[in-house]
Amino acid sequence: MSLDKVDYSQDRGLNYEENLLWEKEHSEHSGVDFPDLKDTPTRTGMDMRDDIGLPQLSEPQVVRHFVRMSTWNYSIDHGFFPLGSCTMKHNPRLNEKVARMKGFAHIHPMQPASTAQGALELMHELQNWLAELTGLPGVCLAPAAGAHGELAGMMTIKRAHEQQGNAHKKIILAPDSSHGTNPATAVMCGFEVRSIPTAETGRLSVEAFKEALYRTDEKGADIAGMMVTNPNTCGLFETDILEISELLHAVGGYFYCDGANFNAIVGKARPADFGADVMHINLHKTFSTPHGGGGPGSGPICCTEELAQYMPVPTVIKGDDGLYTLENETDRPETLGKLKAFQGQFGMFVRALSYMMSHGADGLRQVSEDAVLNANYILSQLSDDFHAPYGGQPCMHECLLTDKKQKEHGVSTLDMAKALVEYGYHPMTVYFPLVLAGTMLIEPTETESKDAIDRFIATMKGIANDVREGDTEKFHSYPISTPRKRLDEVKAARNPILRWKKD
Amino acid sequence: MAEFRYTKDHEAIYVDGGVAAVGITAHAQDALGDLVFIELPEVGKTVAKGDEIAVVESVKTAAEVYAPIAGEIIEANDAVVDDLALISNPVNDNGWLVKLKIADESALSDLMDEAAYDAYLKEID
């Protein structure tokens, strides 16, 4: 018998194939012996059915199913994960140790506040840290993730305009480099979005901003606010942000700051000082709580004293008696209300505060400095091999490259991203931001050692070198060593199979 | 007189008898990559210049198609929704998305002709 012909399992090496639970053989047997329930009356008055075809499996079958599938994952715990604007940083295991302490792990949100003083104190402390780091004193921890934080922030702005009799303010300005969630959130809140073109510097220009600000009203009376990420998605700090925010404030608009890129400036610049009125913080990015399959996320918002009355409830407050309580609608009648059940992702609060306190103020500042240094190191090493737009100027925490040089040889950003998968890396963010063609946005974070970054640089240089030398054919079929080869993304999008059906 | 016109947002327009057939240029298709979805507007709607009239979505991104000129939408090309590859045909063939009855033909002079569009493509490269 030739060993090559053995193909019973379709497994290769220690890569396991795995079908859906429904596709497993499971006709007449089960892991548990239930009594025959066919003629048993149900409490809901419905008949028992046995035609649903639920899989009947034993415990080891089910355990193997999920463990096998878990081996298909790629995470920051496996290796380098340079996804731009996503801050895929290491979640220190100290966070996990603290989050698993009984008092935190077993607490229930409906427990009386008097029995949860420690947890409330922790939330109050986290609010203080976020207020200090952003310069924005009003903090609501409740939003469940980044986009939810954006929604909470924009609803706060909307509420403020309504309460102040400015319902005619309808327009939100957003740079064309902004995260897609920004315009989507503004529209969801009933605003109209006006896009501001990115200038040749890769940043907002005062001229372009003024043009958009006064386009339909010479006094800008119809402007409700703007949504700006700083540093922006080209990895550049908005150097005119102070002048821009002053112009915006002069027409009565509010500045929503997208906190996705906060890791670049923690402890270095406070968003309130460059004019932000409200911003969300991704605890799961900047403050190391797990994401990318390991979540959940957590997206608190911070806002000015003025906007704090309108933001969602609850907020943890400390009474004169030293006791912590949750402030709700009756305590703060101007609030837009509640956006999330209970208090938010408490487990993430524990991890984020552990991260903050274990680093301290100076440690957090160094985190930002190291993240920026790492991104600039990559940029400087790769800017001969890849096109670095906007003059290849120094960046913040993420660097932007494009496929302009490789495209001439027929190799695109998508091909190179697939090659990275072949070479054992999670690809960077591709085709974003949308302001240029074939963009690759690389964010190493402070997590990576110089060794790890040097290996990534060598891989990228190797790709550029192969393309230069005409060894391009393979790039169209990569990846080839993965359990699944190059996927037909167009077919998957055009004819998605979203539900398993029995034959 | 029938003629082709273009916009800076890479809409391609074929004007014939007061009707503009609007699609997207080859450059736009190349930048977007393979399309996976097209959304067309309701027929009978009146649009101003710059209003969104269609959405084209690729694996990379989704892009809006804007009305290059004010007018009334008199036809939507349902065939291209069913067979997305048709978009690669010229707009005066079956690669168009929407047909607009032009409100004011003098506004056509704001749009680029082929030579001007080619020069614009070189400029933005």
# chains A, B, ... in the order shown; residues from 1 in each chain; ligands from 1
call {"tool": "closest_atom_pairs", "arguments": {"of": "chain B", "to": "chain A", "cutoff": "8 Å", "atoms": "only C-alpha atoms", "output": "Markdown table"}}
result
| residue | atom | partner | partner_atom | distance |
| --- | --- | --- | --- | --- |
| B:Ala31 | CA | A:Ala437 | CA | 6.9 |
| B:Asp34 | CA | A:Val490 | CA | 6.6 |
| B:Leu35 | CA | A:Val490 | CA | 7.4 |
| B:Val36 | CA | A:Arg494 | CA | 5.2 |
| B:Phe37 | CA | A:Arg494 | CA | 7.0 |
| B:Ser58 | CA | A:Val490 | CA | 7.8 |
| B:Val59 | CA | A:Val490 | CA | 6.4 |
| B:Lys60 | CA | A:Tyr431 | CA | 6.4 |
| B:Thr61 | CA | A:Tyr431 | CA | 7.9 |
call {"tool": "residues_around", "arguments": {"residues": "A:Glu150", "least_positions_apart": "6", "cutoff": "10 Å", "atoms": "only C-alpha atoms", "output": "ChimeraX atom specification"}}
result
/A:143,156,181-182,184-186,227,256-259,278-281,299-301
call {"tool": "select_by_dssp", "arguments": {"residues": "chain B", "states": "strand (DSSP E or B)", "output": "VMD selection string"}}
result
chain B and resid 3 to 6 11 to 16 19 to 24 35 to 39 46 to 47 52 to 58 62 to 66 71 to 76 98 to 102 112
call {"tool": "select_by_dssp", "arguments": {"residues": "chain B", "states": "alpha helix (DSSP H)", "output": "list in words"}}
result
Ala26, His27, Ala28, Gln29, Asp30, Ala31, Leu32, Asp78, Ala79, Val80, Val81, Asp82, Glu114, Ala115, Ala116, Tyr117, Asp118, Ala119, Tyr120, Leu121, Lys122, Glu123 and Ile124 of chain B
call {"tool": "residues_around", "arguments": {"residues": "A:Phe191", "least_positions_apart": "4", "cutoff": "12 Å", "atoms": "only C-alpha atoms", "output": "list in words"}}
result
Leu151, Met154, Met155, Ile157, Lys158, His161, Ala167, His168, Lys169, Lys170, Ile171, Ile172, Leu173, Ala174, Asn182, Pro183, Ala184, Thr185, Ala186, Val187, Asp222, Ile223, Ala224, Gly225, Met226 and Met227 of chain A
call {"tool": "write_last_selection", "arguments": {"atoms": "C-alpha atoms", "output": "mmCIF file, in the first residue's frame"}}
result
data_model
loop_
_atom_site.group_PDB
_atom_site.id
_atom_site.type_symbol
_atom_site.label_atom_id
_atom_site.label_comp_id
_atom_site.auth_asym_id
_atom_site.auth_seq_id
_atom_site.Cartn_x
_atom_site.Cartn_y
_atom_site.Cartn_z
ATOM 1 C CA LEU A 151 -22.709 56.303 18.380
ATOM 2 C CA MET A 154 -22.556 61.522 18.252
ATOM 3 C CA MET A 155 -25.874 61.035 20.047
ATOM 4 C CA ILE A 157 -23.722 65.962 20.249
ATOM 5 C CA LYS A 158 -27.175 65.541 18.740
ATOM 6 C CA HIS A 161 -27.937 70.650 19.768
ATOM 7 C CA ALA A 167 -31.883 71.319 15.592
ATOM 8 C CA HIS A 168 -31.150 73.106 12.277
ATOM 9 C CA LYS A 169 -27.504 72.132 12.652
ATOM 10 C CA LYS A 170 -27.436 69.108 10.390
ATOM 11 C CA ILE A 171 -24.018 68.832 8.789
ATOM 12 C CA ILE A 172 -21.107 66.778 10.082
ATOM 13 C CA LEU A 173 -17.712 67.319 8.473
ATOM 14 C CA ALA A 174 -15.434 64.294 8.096
ATOM 15 C CA ASN A 182 -17.570 57.827 11.204
ATOM 16 C CA PRO A 183 -19.868 58.836 8.334
ATOM 17 C CA ALA A 184 -22.037 55.775 9.020
ATOM 18 C CA THR A 185 -22.536 56.855 12.634
ATOM 19 C CA ALA A 186 -23.302 60.450 11.669
ATOM 20 C CA VAL A 187 -25.940 59.331 9.170
ATOM 21 C CA ASP A 222 -25.745 74.622 9.544
ATOM 22 C CA ILE A 223 -22.626 72.857 10.886
ATOM 23 C CA ALA A 224 -23.314 70.443 13.760
ATOM 24 C CA GLY A 225 -19.763 69.225 14.209
ATOM 25 C CA MET A 226 -16.879 67.240 12.795
ATOM 26 C CA MET A 227 -15.479 63.758 13.248
#
call {"tool": "atom_distance", "arguments": {"atom1": "atom CA of A:Trp72", "atom2": "atom CA of A:Tyr423"}}
result
15.7 Å
call {"tool": "residues_around", "arguments": {"residues": "A:Ala375", "least_positions_apart": "6", "cutoff": "10 Å", "atoms": "only C-alpha atoms", "output": "short mmCIF file (atom, residue, chain, number, x, y, z; two decimals) with C-alpha atoms, in the first residue's frame"}}
result
data_model
loop_
_atom_site.label_atom_id
_atom_site.label_comp_id
_atom_site.auth_asym_id
_atom_site.auth_seq_id
_atom_site.Cartn_x
_atom_site.Cartn_y
_atom_site.Cartn_z
CA PRO A 82 0.30 44.60 12.08
CA GLY A 235 -0.59 57.76 10.36
CA PRO A 394 7.91 60.50 9.56
CA CYS A 395 4.70 58.95 10.84
CA MET A 396 3.03 58.38 14.18
CA HIS A 397 2.07 54.86 15.34
CA GLU A 398 1.32 53.44 11.88
CA CYS A 399 2.97 53.81 8.49
CA LEU A 400 1.35 53.97 5.09
CA ILE A 442 1.07 48.90 9.04
CA GLU A 443 0.82 49.27 12.82
CA PRO A 444 3.40 47.24 14.75
CA THR A 445 2.49 48.66 18.20
CA GLU A 446 5.00 48.68 21.05
CA ILE A 453 10.15 43.67 13.40
#
call {"tool": "closest_residue", "arguments": {"among": "B:Val81, B:Ala63, B:Leu97, B:Val47", "to": "B:Gly23", "atoms": "only C-alpha atoms"}}
result
B:Leu97
call {"tool": "closest_residue", "arguments": {"among": "B:Met112, B:Leu100, B:Leu32, B:Ile87", "to": "B:Lys45", "atoms": "only C-alpha atoms"}}
result
B:Leu100
call {"tool": "atom_distance", "arguments": {"atom1": "atom CA of B:Ala54", "atom2": "atom CA of B:Gln29"}}
result
14.4 Å
call {"tool": "atom_distance", "arguments": {"atom1": "atom CA of A:Asn282", "atom2": "atom CA of A:Ala417"}}
result
25.7 Å
call {"tool": "residues_around", "arguments": {"residues": "B:Asp78", "least_positions_apart": "4", "cutoff": "10 Å", "atoms": "only C-alpha atoms", "output": "list in words"}}
result
Ile38, Glu39, Leu40, Asp82, Asp83, Leu84, Leu97 and Val98 of chain B
call {"tool": "residues_around", "arguments": {"residues": "B:Glu11", "least_positions_apart": "6", "cutoff": "12 Å", "atoms": "only C-alpha atoms", "output": "number ranges by chain"}}
result
B: 4-5, 20-29, 50, 52-54, 56, 63-69, 90-91, 95-98, 111-114, 117
call {"tool": "closest_residue", "arguments": {"among": "A:Gly344, A:Gly470, A:Gly319, A:Gly410", "to": "A:Pro109", "atoms": "only C-alpha atoms"}}
result
A:Gly344
call {"tool": "decode", "arguments": {"residues": "stretch 38-53 of chain B", "atoms": "all heavy atoms", "output": "mmCIF file, in the first residue's frame"}}
result
data_model
loop_
_atom_site.group_PDB
_atom_site.id
_atom_site.type_symbol
_atom_site.label_atom_id
_atom_site.label_comp_id
_atom_site.auth_asym_id
_atom_site.auth_seq_id
_atom_site.Cartn_x
_atom_site.Cartn_y
_atom_site.Cartn_z
ATOM 1 N N ILE B 38 -24.258 45.841 -7.069
ATOM 2 C CA ILE B 38 -24.632 47.151 -7.596
ATOM 3 C C ILE B 38 -26.048 47.476 -7.129
ATOM 4 O O ILE B 38 -26.936 46.620 -7.180
ATOM 5 C CB ILE B 38 -24.592 47.175 -9.147
ATOM 6 C CG1 ILE B 38 -23.142 47.051 -9.647
ATOM 7 C CG2 ILE B 38 -25.225 48.457 -9.697
ATOM 8 C CD1 ILE B 38 -23.001 46.981 -11.142
ATOM 9 N N GLU B 39 -26.234 48.688 -6.632
ATOM 10 C CA GLU B 39 -27.566 49.119 -6.211
ATOM 11 C C GLU B 39 -27.989 50.284 -7.094
ATOM 12 O O GLU B 39 -27.260 51.264 -7.236
ATOM 13 C CB GLU B 39 -27.506 49.573 -4.748
ATOM 14 C CG GLU B 39 -28.854 49.853 -4.138
ATOM 15 C CD GLU B 39 -28.703 50.326 -2.682
ATOM 16 O OE1 GLU B 39 -28.017 49.650 -1.908
ATOM 17 O OE2 GLU B 39 -29.246 51.391 -2.374
ATOM 18 N N LEU B 40 -29.161 50.172 -7.680
ATOM 19 C CA LEU B 40 -29.645 51.210 -8.593
ATOM 20 C C LEU B 40 -30.837 51.947 -7.976
ATOM 21 O O LEU B 40 -31.512 51.423 -7.099
ATOM 22 C CB LEU B 40 -30.062 50.565 -9.919
ATOM 23 C CG LEU B 40 -28.928 49.903 -10.701
ATOM 24 C CD1 LEU B 40 -29.475 49.240 -11.956
ATOM 25 C CD2 LEU B 40 -27.844 50.905 -11.065
ATOM 26 N N PRO B 41 -31.092 53.176 -8.439
ATOM 27 C CA PRO B 41 -32.171 53.976 -7.854
ATOM 28 C C PRO B 41 -33.532 53.633 -8.464
ATOM 29 O O PRO B 41 -33.627 52.869 -9.419
ATOM 30 C CB PRO B 41 -31.772 55.396 -8.239
ATOM 31 C CG PRO B 41 -31.089 55.221 -9.558
ATOM 32 C CD PRO B 41 -30.396 53.884 -9.517
ATOM 33 N N GLU B 42 -34.570 54.213 -7.871
ATOM 34 C CA GLU B 42 -35.917 54.062 -8.422
ATOM 35 C C GLU B 42 -36.078 54.922 -9.669
ATOM 36 O O GLU B 42 -35.606 56.055 -9.711
ATOM 37 C CB GLU B 42 -36.940 54.573 -7.408
ATOM 38 C CG GLU B 42 -37.424 53.544 -6.428
ATOM 39 C CD GLU B 42 -38.328 54.198 -5.394
ATOM 40 O OE1 GLU B 42 -39.308 54.861 -5.783
ATOM 41 O OE2 GLU B 42 -38.001 54.076 -4.201
ATOM 42 N N VAL B 43 -36.744 54.370 -10.635
ATOM 43 C CA VAL B 43 -37.021 55.137 -11.847
ATOM 44 C C VAL B 43 -38.092 56.193 -11.528
ATOM 45 O O VAL B 43 -39.017 55.926 -10.753
ATOM 46 C CB VAL B 43 -37.491 54.191 -12.978
ATOM 47 C CG1 VAL B 43 -37.972 54.974 -14.188
ATOM 48 C CG2 VAL B 43 -36.352 53.255 -13.376
ATOM 49 N N GLY B 44 -37.938 57.382 -12.099
ATOM 50 C CA GLY B 44 -38.923 58.431 -11.880
ATOM 51 C C GLY B 44 -38.463 59.488 -10.901
ATOM 52 O O GLY B 44 -39.079 60.544 -10.758
ATOM 53 N N LYS B 45 -37.349 59.207 -10.202
ATOM 54 C CA LYS B 45 -36.831 60.142 -9.210
ATOM 55 C C LYS B 45 -36.122 61.313 -9.901
ATOM 56 O O LYS B 45 -35.413 61.128 -10.867
ATOM 57 C CB LYS B 45 -35.833 59.372 -8.317
ATOM 58 C CG LYS B 45 -35.653 59.934 -6.945
ATOM 59 C CD LYS B 45 -34.904 58.915 -6.086
ATOM 60 C CE LYS B 45 -33.568 59.466 -5.656
ATOM 61 N NZ LYS B 45 -32.750 58.511 -4.952
ATOM 62 N N THR B 46 -36.334 62.513 -9.378
ATOM 63 C CA THR B 46 -35.610 63.676 -9.890
ATOM 64 C C THR B 46 -34.385 63.910 -9.023
ATOM 65 O O THR B 46 -34.471 63.877 -7.795
ATOM 66 C CB THR B 46 -36.517 64.924 -9.849
ATOM 67 O OG1 THR B 46 -37.705 64.616 -10.584
ATOM 68 C CG2 THR B 46 -35.831 66.120 -10.491
ATOM 69 N N VAL B 47 -33.247 64.097 -9.675
ATOM 70 C CA VAL B 47 -32.009 64.262 -8.905
ATOM 71 C C VAL B 47 -31.298 65.563 -9.292
ATOM 72 O O VAL B 47 -31.407 66.034 -10.423
ATOM 73 C CB VAL B 47 -31.040 63.070 -9.113
ATOM 74 C CG1 VAL B 47 -31.597 61.815 -8.493
ATOM 75 C CG2 VAL B 47 -30.715 62.864 -10.583
ATOM 76 N N ALA B 48 -30.582 66.116 -8.308
ATOM 77 C CA ALA B 48 -29.739 67.277 -8.561
ATOM 78 C C ALA B 48 -28.330 66.782 -8.866
ATOM 79 O O ALA B 48 -27.980 65.649 -8.520
ATOM 80 C CB ALA B 48 -29.724 68.173 -7.325
ATOM 81 N N LYS B 49 -27.543 67.612 -9.495
ATOM 82 C CA LYS B 49 -26.153 67.258 -9.761
ATOM 83 C C LYS B 49 -25.451 66.946 -8.431
ATOM 84 O O LYS B 49 -25.587 67.704 -7.453
ATOM 85 C CB LYS B 49 -25.444 68.421 -10.455
ATOM 86 C CG LYS B 49 -23.980 68.143 -10.736
ATOM 87 C CD LYS B 49 -23.318 69.294 -11.472
ATOM 88 C CE LYS B 49 -21.817 69.005 -11.598
ATOM 89 N NZ LYS B 49 -21.157 69.901 -12.529
ATOM 90 N N GLY B 50 -24.750 65.831 -8.382
ATOM 91 C CA GLY B 50 -24.025 65.470 -7.159
ATOM 92 C C GLY B 50 -24.812 64.554 -6.241
ATOM 93 O O GLY B 50 -24.271 64.029 -5.268
ATOM 94 N N ASP B 51 -26.095 64.333 -6.500
ATOM 95 C CA ASP B 51 -26.874 63.389 -5.686
ATOM 96 C C ASP B 51 -26.410 61.956 -5.974
ATOM 97 O O ASP B 51 -26.023 61.628 -7.089
ATOM 98 C CB ASP B 51 -28.374 63.480 -6.021
ATOM 99 C CG ASP B 51 -29.027 64.707 -5.398
ATOM 100 O OD1 ASP B 51 -28.321 65.443 -4.681
ATOM 101 O OD2 ASP B 51 -30.223 64.930 -5.657
ATOM 102 N N GLU B 52 -26.511 61.120 -4.948
ATOM 103 C CA GLU B 52 -26.142 59.718 -5.146
ATOM 104 C C GLU B 52 -27.205 59.030 -6.003
ATOM 105 O O GLU B 52 -28.390 59.124 -5.722
ATOM 106 C CB GLU B 52 -26.063 59.058 -3.765
ATOM 107 C CG GLU B 52 -25.645 57.614 -3.809
ATOM 108 C CD GLU B 52 -25.718 56.969 -2.425
ATOM 109 O OE1 GLU B 52 -25.143 57.533 -1.487
ATOM 110 O OE2 GLU B 52 -26.366 55.919 -2.318
ATOM 111 N N ILE B 53 -26.755 58.367 -7.083
ATOM 112 C CA ILE B 53 -27.738 57.671 -7.918
ATOM 113 C C ILE B 53 -27.531 56.158 -7.937
ATOM 114 O O ILE B 53 -28.417 55.415 -8.359
ATOM 115 C CB ILE B 53 -27.763 58.200 -9.378
ATOM 116 C CG1 ILE B 53 -26.349 58.224 -9.970
ATOM 117 C CG2 ILE B 53 -28.425 59.562 -9.441
ATOM 118 C CD1 ILE B 53 -26.350 58.539 -11.470
#
